[in-house]
$ cat entry.cif   # mmCIF, N, CA and C atoms
data_upload
#
loop_
_atom_site.label_atom_id
_atom_site.label_comp_id
_atom_site.auth_asym_id
_atom_site.auth_seq_id
_atom_site.Cartn_x
_atom_site.Cartn_y
_atom_site.Cartn_z
N MET Z 15 146.56 39.77 132.76
CA MET Z 15 145.41 40.62 132.54
C MET Z 15 144.59 40.70 133.83
N ILE Z 16 144.15 41.89 134.15
CA ILE Z 16 143.28 42.10 135.31
C ILE Z 16 141.89 42.43 134.79
N ARG Z 17 140.90 41.74 135.34
CA ARG Z 17 139.52 41.95 134.92
C ARG Z 17 138.58 41.73 136.10
N LYS Z 18 137.34 42.15 135.93
CA LYS Z 18 136.33 41.94 136.98
C LYS Z 18 136.00 40.46 137.13
N LEU Z 19 135.69 40.07 138.33
CA LEU Z 19 135.25 38.72 138.63
C LEU Z 19 133.97 38.41 137.87
N GLN Z 20 133.90 37.21 137.33
CA GLN Z 20 132.68 36.72 136.70
C GLN Z 20 132.15 35.56 137.53
N LYS Z 21 130.87 35.28 137.38
CA LYS Z 21 130.25 34.21 138.18
C LYS Z 21 130.99 32.88 138.02
N ALA Z 22 131.45 32.59 136.83
CA ALA Z 22 132.16 31.33 136.56
C ALA Z 22 133.50 31.24 137.30
N ASP Z 23 134.00 32.36 137.81
CA ASP Z 23 135.29 32.41 138.50
C ASP Z 23 135.21 32.07 139.99
N VAL Z 24 134.00 32.05 140.53
CA VAL Z 24 133.84 32.03 141.99
C VAL Z 24 134.51 30.84 142.67
N ILE Z 25 134.37 29.65 142.14
CA ILE Z 25 134.98 28.48 142.79
C ILE Z 25 136.50 28.60 142.82
N LYS Z 26 137.11 28.95 141.70
CA LYS Z 26 138.57 29.09 141.65
C LYS Z 26 139.05 30.17 142.62
N VAL Z 27 138.35 31.30 142.65
CA VAL Z 27 138.73 32.42 143.53
C VAL Z 27 138.56 32.01 144.99
N ALA Z 28 137.45 31.35 145.31
CA ALA Z 28 137.23 30.90 146.69
C ALA Z 28 138.28 29.87 147.11
N ASP Z 29 138.69 29.01 146.17
CA ASP Z 29 139.74 28.04 146.47
C ASP Z 29 141.08 28.74 146.78
N ILE Z 30 141.40 29.78 146.01
CA ILE Z 30 142.62 30.56 146.28
C ILE Z 30 142.50 31.22 147.65
N TRP Z 31 141.33 31.78 147.94
CA TRP Z 31 141.09 32.42 149.24
C TRP Z 31 141.34 31.43 150.38
N LEU Z 32 140.75 30.24 150.28
CA LEU Z 32 140.88 29.25 151.35
C LEU Z 32 142.34 28.79 151.50
N ASP Z 33 142.95 28.41 150.41
CA ASP Z 33 144.33 27.92 150.45
C ASP Z 33 145.27 28.98 151.01
N SER Z 34 145.12 30.21 150.55
CA SER Z 34 145.99 31.30 151.02
C SER Z 34 145.81 31.56 152.51
N ASN Z 35 144.57 31.60 152.96
CA ASN Z 35 144.33 31.87 154.37
C ASN Z 35 144.85 30.76 155.27
N VAL Z 36 144.62 29.52 154.89
CA VAL Z 36 145.09 28.40 155.72
C VAL Z 36 146.62 28.42 155.82
N LYS Z 37 147.30 28.68 154.71
CA LYS Z 37 148.77 28.67 154.71
C LYS Z 37 149.37 29.92 155.35
N THR Z 38 148.82 31.08 155.05
CA THR Z 38 149.38 32.34 155.55
C THR Z 38 149.05 32.57 157.01
N HIS Z 39 147.85 32.21 157.41
CA HIS Z 39 147.39 32.45 158.78
C HIS Z 39 147.38 31.15 159.57
N ASN Z 40 148.54 30.50 159.62
CA ASN Z 40 148.63 29.22 160.31
C ASN Z 40 148.47 29.34 161.82
N PHE Z 41 148.37 30.56 162.32
CA PHE Z 41 148.14 30.81 163.73
C PHE Z 41 146.64 30.80 164.05
N ILE Z 42 145.81 30.63 163.02
CA ILE Z 42 144.36 30.51 163.18
C ILE Z 42 143.99 29.10 162.71
N PRO Z 43 143.18 28.37 163.46
CA PRO Z 43 142.83 27.01 163.04
C PRO Z 43 142.22 26.96 161.64
N ALA Z 44 142.63 25.98 160.84
CA ALA Z 44 142.14 25.84 159.46
C ALA Z 44 140.62 25.73 159.43
N ARG Z 45 140.03 25.12 160.45
CA ARG Z 45 138.57 24.95 160.45
C ARG Z 45 137.85 26.30 160.43
N TYR Z 46 138.48 27.36 160.97
CA TYR Z 46 137.86 28.69 160.91
C TYR Z 46 137.68 29.11 159.45
N TRP Z 47 138.74 28.96 158.65
CA TRP Z 47 138.67 29.35 157.24
C TRP Z 47 137.72 28.42 156.48
N GLU Z 48 137.81 27.12 156.77
CA GLU Z 48 136.96 26.15 156.09
C GLU Z 48 135.49 26.42 156.36
N SER Z 49 135.16 26.84 157.56
CA SER Z 49 133.75 27.12 157.91
C SER Z 49 133.24 28.38 157.23
N ASN Z 50 134.13 29.22 156.76
CA ASN Z 50 133.73 30.45 156.07
C ASN Z 50 133.76 30.33 154.55
N TYR Z 51 134.13 29.17 154.03
CA TYR Z 51 134.27 28.97 152.58
C TYR Z 51 132.97 29.27 151.83
N ASP Z 52 131.87 28.66 152.25
CA ASP Z 52 130.60 28.87 151.53
C ASP Z 52 130.10 30.32 151.65
N PRO Z 53 130.13 30.93 152.84
CA PRO Z 53 129.73 32.33 152.91
C PRO Z 53 130.60 33.25 152.04
N VAL Z 54 131.89 32.94 151.94
CA VAL Z 54 132.78 33.76 151.11
C VAL Z 54 132.38 33.65 149.64
N LYS Z 55 132.03 32.44 149.19
CA LYS Z 55 131.58 32.29 147.80
C LYS Z 55 130.39 33.20 147.51
N GLU Z 56 129.47 33.30 148.45
CA GLU Z 56 128.30 34.18 148.28
C GLU Z 56 128.73 35.65 148.27
N MET Z 57 129.62 36.01 149.17
CA MET Z 57 130.06 37.41 149.27
C MET Z 57 130.83 37.86 148.03
N LEU Z 58 131.59 36.94 147.44
CA LEU Z 58 132.38 37.29 146.26
C LEU Z 58 131.49 37.85 145.14
N LEU Z 59 130.33 37.26 144.99
CA LEU Z 59 129.41 37.69 143.93
C LEU Z 59 128.82 39.07 144.19
N GLN Z 60 128.84 39.49 145.44
CA GLN Z 60 128.26 40.79 145.81
C GLN Z 60 129.32 41.87 145.98
N ALA Z 61 130.59 41.48 145.97
CA ALA Z 61 131.67 42.41 146.24
C ALA Z 61 132.29 42.92 144.93
N GLU Z 62 133.15 43.90 145.06
CA GLU Z 62 133.95 44.40 143.93
C GLU Z 62 135.25 43.60 143.95
N VAL Z 63 135.38 42.69 142.99
CA VAL Z 63 136.53 41.79 142.95
C VAL Z 63 137.15 41.84 141.56
N TYR Z 64 138.48 41.93 141.54
CA TYR Z 64 139.23 41.89 140.29
C TYR Z 64 140.19 40.71 140.35
N VAL Z 65 140.27 39.98 139.25
CA VAL Z 65 141.14 38.82 139.19
C VAL Z 65 142.32 39.10 138.27
N TYR Z 66 143.44 38.47 138.59
CA TYR Z 66 144.60 38.48 137.70
C TYR Z 66 144.61 37.14 137.00
N GLU Z 67 144.59 37.19 135.67
CA GLU Z 67 144.51 35.98 134.88
C GLU Z 67 145.68 35.95 133.89
N SER Z 68 146.31 34.79 133.77
CA SER Z 68 147.38 34.60 132.81
C SER Z 68 147.21 33.24 132.16
N ASN Z 69 147.31 33.20 130.85
CA ASN Z 69 147.13 31.95 130.10
C ASN Z 69 145.82 31.25 130.45
N GLY Z 70 144.77 32.05 130.63
CA GLY Z 70 143.44 31.50 130.90
C GLY Z 70 143.23 30.99 132.30
N GLU Z 71 144.20 31.23 133.21
CA GLU Z 71 144.08 30.73 134.57
C GLU Z 71 144.15 31.87 135.58
N ILE Z 72 143.19 31.89 136.49
CA ILE Z 72 143.19 32.90 137.55
C ILE Z 72 144.32 32.57 138.53
N GLN Z 73 145.17 33.55 138.77
CA GLN Z 73 146.33 33.34 139.64
C GLN Z 73 146.27 34.15 140.93
N GLY Z 74 145.34 35.11 140.98
CA GLY Z 74 145.20 35.92 142.18
C GLY Z 74 144.01 36.84 142.04
N PHE Z 75 143.68 37.52 143.15
CA PHE Z 75 142.56 38.46 143.10
C PHE Z 75 142.66 39.47 144.24
N ILE Z 76 141.91 40.55 144.08
CA ILE Z 76 141.78 41.57 145.12
C ILE Z 76 140.29 41.85 145.30
N GLY Z 77 139.88 41.94 146.56
CA GLY Z 77 138.49 42.23 146.89
C GLY Z 77 138.39 43.57 147.59
N LEU Z 78 137.38 44.35 147.20
CA LEU Z 78 137.20 45.69 147.76
C LEU Z 78 135.79 45.91 148.26
N ASN Z 79 135.71 46.80 149.22
CA ASN Z 79 134.42 47.31 149.69
C ASN Z 79 134.62 48.82 149.78
N GLY Z 80 134.32 49.52 148.68
CA GLY Z 80 134.60 50.95 148.61
C GLY Z 80 136.09 51.20 148.59
N GLU Z 81 136.58 51.91 149.61
CA GLU Z 81 138.02 52.23 149.71
C GLU Z 81 138.75 51.22 150.59
N TYR Z 82 138.03 50.19 151.04
CA TYR Z 82 138.61 49.21 151.95
C TYR Z 82 138.99 47.95 151.18
N ILE Z 83 140.24 47.52 151.35
CA ILE Z 83 140.71 46.28 150.71
C ILE Z 83 140.36 45.12 151.64
N GLU Z 84 139.47 44.26 151.17
CA GLU Z 84 139.11 43.08 151.95
C GLU Z 84 140.25 42.07 151.94
N GLY Z 85 141.03 42.06 150.88
CA GLY Z 85 142.19 41.18 150.83
C GLY Z 85 142.77 41.07 149.44
N ILE Z 86 144.04 40.71 149.40
CA ILE Z 86 144.74 40.37 148.16
C ILE Z 86 145.22 38.94 148.36
N PHE Z 87 144.89 38.10 147.40
CA PHE Z 87 145.22 36.68 147.50
C PHE Z 87 145.86 36.22 146.20
N VAL Z 88 146.96 35.50 146.33
CA VAL Z 88 147.69 34.98 145.16
C VAL Z 88 147.94 33.49 145.40
N CYS Z 89 147.82 32.70 144.33
CA CYS Z 89 148.11 31.27 144.42
C CYS Z 89 149.45 31.06 145.10
N ASP Z 90 149.51 30.08 145.96
CA ASP Z 90 150.70 29.82 146.77
C ASP Z 90 151.96 29.72 145.92
N LYS Z 91 151.92 28.95 144.86
CA LYS Z 91 153.11 28.71 144.05
C LYS Z 91 153.54 29.93 143.24
N LEU Z 92 152.70 30.96 143.20
CA LEU Z 92 153.01 32.16 142.40
C LEU Z 92 153.25 33.40 143.25
N GLN Z 93 153.32 33.24 144.56
CA GLN Z 93 153.56 34.40 145.42
C GLN Z 93 154.98 34.92 145.22
N SER Z 94 155.14 36.20 145.52
CA SER Z 94 156.43 36.90 145.39
C SER Z 94 156.90 37.01 143.94
N GLN Z 95 155.95 37.02 143.01
CA GLN Z 95 156.28 37.20 141.60
C GLN Z 95 155.65 38.46 141.02
N GLY Z 96 155.13 39.33 141.90
CA GLY Z 96 154.62 40.62 141.45
C GLY Z 96 153.12 40.68 141.18
N ILE Z 97 152.40 39.58 141.35
CA ILE Z 97 150.96 39.58 141.06
C ILE Z 97 150.21 40.45 142.06
N GLY Z 98 150.53 40.33 143.33
CA GLY Z 98 149.88 41.16 144.35
C GLY Z 98 150.11 42.64 144.10
N LYS Z 99 151.32 43.00 143.72
CA LYS Z 99 151.64 44.40 143.42
C LYS Z 99 150.85 44.88 142.20
N LEU Z 100 150.74 44.05 141.17
CA LEU Z 100 149.96 44.44 139.98
C LEU Z 100 148.50 44.71 140.36
N LEU Z 101 147.93 43.83 141.17
CA LEU Z 101 146.54 44.02 141.60
C LEU Z 101 146.40 45.29 142.44
N LEU Z 102 147.33 45.51 143.35
CA LEU Z 102 147.28 46.70 144.19
C LEU Z 102 147.45 47.97 143.36
N ASP Z 103 148.41 47.98 142.45
CA ASP Z 103 148.61 49.16 141.59
C ASP Z 103 147.37 49.44 140.74
N PHE Z 104 146.71 48.40 140.26
CA PHE Z 104 145.48 48.54 139.48
C PHE Z 104 144.43 49.31 140.28
N ILE Z 105 144.31 48.98 141.56
CA ILE Z 105 143.32 49.65 142.42
C ILE Z 105 143.78 51.05 142.80
N LYS Z 106 145.07 51.22 143.07
CA LYS Z 106 145.59 52.55 143.43
C LYS Z 106 145.32 53.58 142.33
N GLU Z 107 145.32 53.13 141.07
CA GLU Z 107 145.04 54.04 139.96
C GLU Z 107 143.59 54.49 139.95
N ARG Z 108 142.73 53.79 140.67
CA ARG Z 108 141.29 54.05 140.65
C ARG Z 108 140.77 54.61 141.98
N ARG Z 109 141.64 54.80 142.96
CA ARG Z 109 141.24 55.30 144.28
C ARG Z 109 142.24 56.37 144.72
N THR Z 110 141.76 57.27 145.58
CA THR Z 110 142.65 58.29 146.13
C THR Z 110 143.17 57.89 147.51
N GLY Z 111 142.52 56.93 148.12
CA GLY Z 111 142.96 56.43 149.42
C GLY Z 111 142.42 55.03 149.63
N LEU Z 112 143.16 54.25 150.40
CA LEU Z 112 142.76 52.87 150.68
C LEU Z 112 143.09 52.52 152.12
N SER Z 113 142.32 51.59 152.67
CA SER Z 113 142.62 51.08 154.01
C SER Z 113 142.43 49.57 154.01
N LEU Z 114 142.99 48.93 155.03
CA LEU Z 114 142.86 47.49 155.18
C LEU Z 114 143.23 47.11 156.59
N ASN Z 115 142.90 45.88 156.95
CA ASN Z 115 143.34 45.30 158.21
C ASN Z 115 144.26 44.14 157.90
N VAL Z 116 145.27 43.97 158.73
CA VAL Z 116 146.21 42.86 158.56
C VAL Z 116 146.59 42.35 159.95
N TYR Z 117 146.66 41.03 160.07
CA TYR Z 117 147.04 40.44 161.35
C TYR Z 117 148.48 40.79 161.70
N GLU Z 118 148.71 41.09 162.96
CA GLU Z 118 150.05 41.42 163.45
C GLU Z 118 151.05 40.30 163.13
N LYS Z 119 150.60 39.05 163.21
CA LYS Z 119 151.49 37.92 162.97
C LYS Z 119 151.76 37.69 161.49
N ASN Z 120 151.07 38.39 160.60
CA ASN Z 120 151.30 38.24 159.16
C ASN Z 120 152.34 39.28 158.72
N THR Z 121 153.56 39.09 159.19
CA THR Z 121 154.62 40.08 158.95
C THR Z 121 154.94 40.24 157.47
N ARG Z 122 154.82 39.17 156.71
CA ARG Z 122 155.10 39.26 155.27
C ARG Z 122 154.15 40.26 154.60
N ALA Z 123 152.86 40.19 154.95
CA ALA Z 123 151.89 41.12 154.38
C ALA Z 123 152.14 42.55 154.88
N ILE Z 124 152.46 42.69 156.14
CA ILE Z 124 152.74 44.03 156.69
C ILE Z 124 153.89 44.68 155.92
N HIS Z 125 154.96 43.94 155.70
CA HIS Z 125 156.11 44.47 154.96
C HIS Z 125 155.73 44.81 153.52
N PHE Z 126 154.93 43.96 152.90
CA PHE Z 126 154.47 44.23 151.53
C PHE Z 126 153.71 45.55 151.49
N TYR Z 127 152.74 45.72 152.37
CA TYR Z 127 151.94 46.95 152.34
C TYR Z 127 152.78 48.18 152.70
N GLN Z 128 153.69 48.05 153.64
CA GLN Z 128 154.56 49.19 153.96
C GLN Z 128 155.42 49.56 152.76
N ARG Z 129 155.94 48.57 152.06
CA ARG Z 129 156.74 48.82 150.87
C ARG Z 129 155.90 49.53 149.80
N GLU Z 130 154.61 49.29 149.80
CA GLU Z 130 153.70 49.89 148.81
C GLU Z 130 153.08 51.20 149.30
N GLY Z 131 153.60 51.74 150.39
CA GLY Z 131 153.19 53.07 150.83
C GLY Z 131 152.11 53.11 151.90
N PHE Z 132 151.71 51.99 152.43
CA PHE Z 132 150.72 51.95 153.51
C PHE Z 132 151.42 52.19 154.83
N GLU Z 133 150.70 52.82 155.75
CA GLU Z 133 151.22 53.07 157.09
C GLU Z 133 150.25 52.52 158.12
N ILE Z 134 150.79 51.98 159.21
CA ILE Z 134 149.94 51.50 160.31
C ILE Z 134 149.34 52.73 161.00
N GLN Z 135 148.01 52.74 161.12
CA GLN Z 135 147.32 53.86 161.74
C GLN Z 135 146.73 53.50 163.11
N ASP Z 136 146.41 52.23 163.29
CA ASP Z 136 145.73 51.83 164.52
C ASP Z 136 145.93 50.32 164.71
N GLU Z 137 145.64 49.86 165.89
CA GLU Z 137 145.69 48.43 166.15
C GLU Z 137 144.47 48.04 166.97
N GLY Z 138 144.11 46.78 166.87
CA GLY Z 138 142.94 46.29 167.59
C GLY Z 138 142.97 44.77 167.63
N ILE Z 139 141.82 44.22 167.97
CA ILE Z 139 141.66 42.77 168.03
C ILE Z 139 140.54 42.38 167.06
N ASP Z 140 140.84 41.43 166.18
CA ASP Z 140 139.82 40.90 165.28
C ASP Z 140 138.86 40.07 166.12
N GLU Z 141 137.60 40.49 166.19
CA GLU Z 141 136.63 39.82 167.05
C GLU Z 141 136.40 38.37 166.66
N ALA Z 142 136.44 38.06 165.36
CA ALA Z 142 136.15 36.70 164.90
C ALA Z 142 137.22 35.70 165.30
N THR Z 143 138.48 36.16 165.39
CA THR Z 143 139.59 35.23 165.65
C THR Z 143 140.29 35.49 166.99
N GLY Z 144 140.10 36.66 167.56
CA GLY Z 144 140.80 37.02 168.78
C GLY Z 144 142.24 37.43 168.54
N GLU Z 145 142.63 37.56 167.28
CA GLU Z 145 144.01 37.92 166.92
C GLU Z 145 144.17 39.44 166.83
N LYS Z 146 145.36 39.90 167.25
CA LYS Z 146 145.69 41.32 167.13
C LYS Z 146 145.87 41.66 165.65
N ASP Z 147 145.34 42.83 165.26
CA ASP Z 147 145.54 43.28 163.88
C ASP Z 147 145.80 44.77 163.83
N TYR Z 148 146.26 45.19 162.67
CA TYR Z 148 146.56 46.60 162.42
C TYR Z 148 145.64 47.13 161.32
N VAL Z 149 145.30 48.42 161.44
CA VAL Z 149 144.65 49.15 160.37
C VAL Z 149 145.76 49.87 159.62
N MET Z 150 145.82 49.65 158.32
CA MET Z 150 146.84 50.32 157.50
C MET Z 150 146.15 51.20 156.47
N ILE Z 151 146.76 52.37 156.21
CA ILE Z 151 146.17 53.38 155.32
C ILE Z 151 147.17 53.74 154.23
N TRP Z 152 146.64 53.96 153.03
CA TRP Z 152 147.40 54.52 151.92
C TRP Z 152 146.64 55.71 151.38
N GLN Z 153 147.38 56.84 151.16
CA GLN Z 153 146.74 58.04 150.58
C GLN Z 153 147.66 58.66 149.56
#

$ encode --input "entry.cif" --output "structure tokens"
Amino acid sequence: MIRKLQKADVIKVADIWLDSNVKTHNFIPARYWESNYDPVKEMLLQAEVYVYESNGEIQGFIGLNGEYIEGIFVCDKLQSQGIGKLLLDFIKERRTGLSLNVYEKNTRAIHFYQREGFEIQDEGIDEATGEKDYVMIWQ
């Protein structure tokens, strides 16, 4: 089931965010993600966030800012089981176009988004990390 984030969900969602970022972006020091944990918890309450829940447990989420996808995050042990696609399809049904940024070194995510119809439109450097990233668009 996909539903809107509730205040009671914030800790679980922030934990998924932290765990996913540390494991997926191992080219960025873990302390960077850890130092952003508390600010992310605050931002989650102000953002448009949808969670995927099964058997009463949150297993993943997607965060949006208008037409921009802030990120899709799925519990490590449940990745590659279709949860990210379900979350993305849920949003695609509600938007006519979407954009996002993805690190160049996160090839798994790039392939996922390309498979889902996103195209690389631009590249740049993420100022916070110094890492090269791509802007990807879906229309």

$ closest_residue --input "entry.cif" --among "Z:Ala44, Z:Lys26, Z:Met15, Z:Glu118" --to "Ser68 of chain Z" --atoms "all atoms listed in the file"
Z:Met15

$ resolve_selection --input "entry.cif" --expression "the PyMOL selection byres ((chain Z and resi 134-147) around 6)" --output "PyMOL selection string"
chain Z and resi 116-119+132-133+148-151

$ residues_around --input "entry.cif" --residues "Gly98 of chain Z" --least-positions-apart "5" --cutoff "6.5 Å" --atoms "only N, CA and C atoms" --output "PyMOL selection string"
chain Z and resi 86+88+103

$ write_last_selection --input "entry.cif" --atoms "N, CA and C atoms" --output "PDB file, keeping the file's coordinate frame"
ATOM      1  N   ILE Z  86     144.040  40.710 149.400  1.00  0.00           N
ATOM      2  CA  ILE Z  86     144.740  40.370 148.160  1.00  0.00           C
ATOM      3  C   ILE Z  86     145.220  38.940 148.360  1.00  0.00           C
ATOM      4  N   VAL Z  88     146.960  35.500 146.330  1.00  0.00           N
ATOM      5  CA  VAL Z  88     147.690  34.980 145.160  1.00  0.00           C
ATOM      6  C   VAL Z  88     147.940  33.490 145.400  1.00  0.00           C
ATOM      7  N   ASP Z 103     148.410  47.980 142.450  1.00  0.00           N
ATOM      8  CA  ASP Z 103     148.610  49.160 141.590  1.00  0.00           C
ATOM      9  C   ASP Z 103     147.370  49.440 140.740  1.00  0.00           C
TER      10      ASP Z 103
END

$ closest_residue --input "entry.cif" --among "Z:Lys91, Z:Tyr66, Z:Ala61, Z:Ile97" --to "Asn79 of chain Z" --atoms "all atoms listed in the file"
Z:Ala61

$ residues_around --input "entry.cif" --residues "Tyr82 of chain Z" --least-positions-apart "5" --cutoff "6 Å" --atoms "only C-alpha atoms" --output "PDB file with N, CA and C atoms, in the coordinates of the input"
ATOM      1  N   LEU Z 112     143.160  54.250 150.400  1.00  0.00           N
ATOM      2  CA  LEU Z 112     142.760  52.870 150.680  1.00  0.00           C
ATOM      3  C   LEU Z 112     143.090  52.520 152.120  1.00  0.00           C
ATOM      4  N   SER Z 113     142.320  51.590 152.670  1.00  0.00           N
ATOM      5  CA  SER Z 113     142.620  51.080 154.010  1.00  0.00           C
ATOM      6  C   SER Z 113     142.430  49.570 154.010  1.00  0.00           C
ATOM      7  N   LEU Z 114     142.990  48.930 155.030  1.00  0.00           N
ATOM      8  CA  LEU Z 114     142.860  47.490 155.180  1.00  0.00           C
ATOM      9  C   LEU Z 114     143.230  47.110 156.590  1.00  0.00           C
TER      10      LEU Z 114
END

$ atom_distance --input "entry.cif" --atom1 "atom N of Gly111 of chain Z" --atom2 "atom N of Ile76 of chain Z"
16.9 Å

$ residues_around --input "entry.cif" --residues "Val27 of chain Z" --least-positions-apart "3" --cutoff "8 Å" --atoms "only N, CA and C atoms" --output "PyMOL selection string"
chain Z and resi 22-24+30-33+54-55+72+74-75

$ residues_around --input "entry.cif" --residues "Val36 of chain Z" --least-positions-apart "6" --cutoff "12 Å" --atoms "only C-alpha atoms" --output "ChimeraX atom specification"
/Z:29-30,42-51,87,90

$ select_by_dssp --input "entry.cif" --residues "chain Z" --states "strand (DSSP E)" --output "number ranges by chain"
Z: 16-18, 62-68, 71-79, 82-88, 112-117, 133-139, 146-152
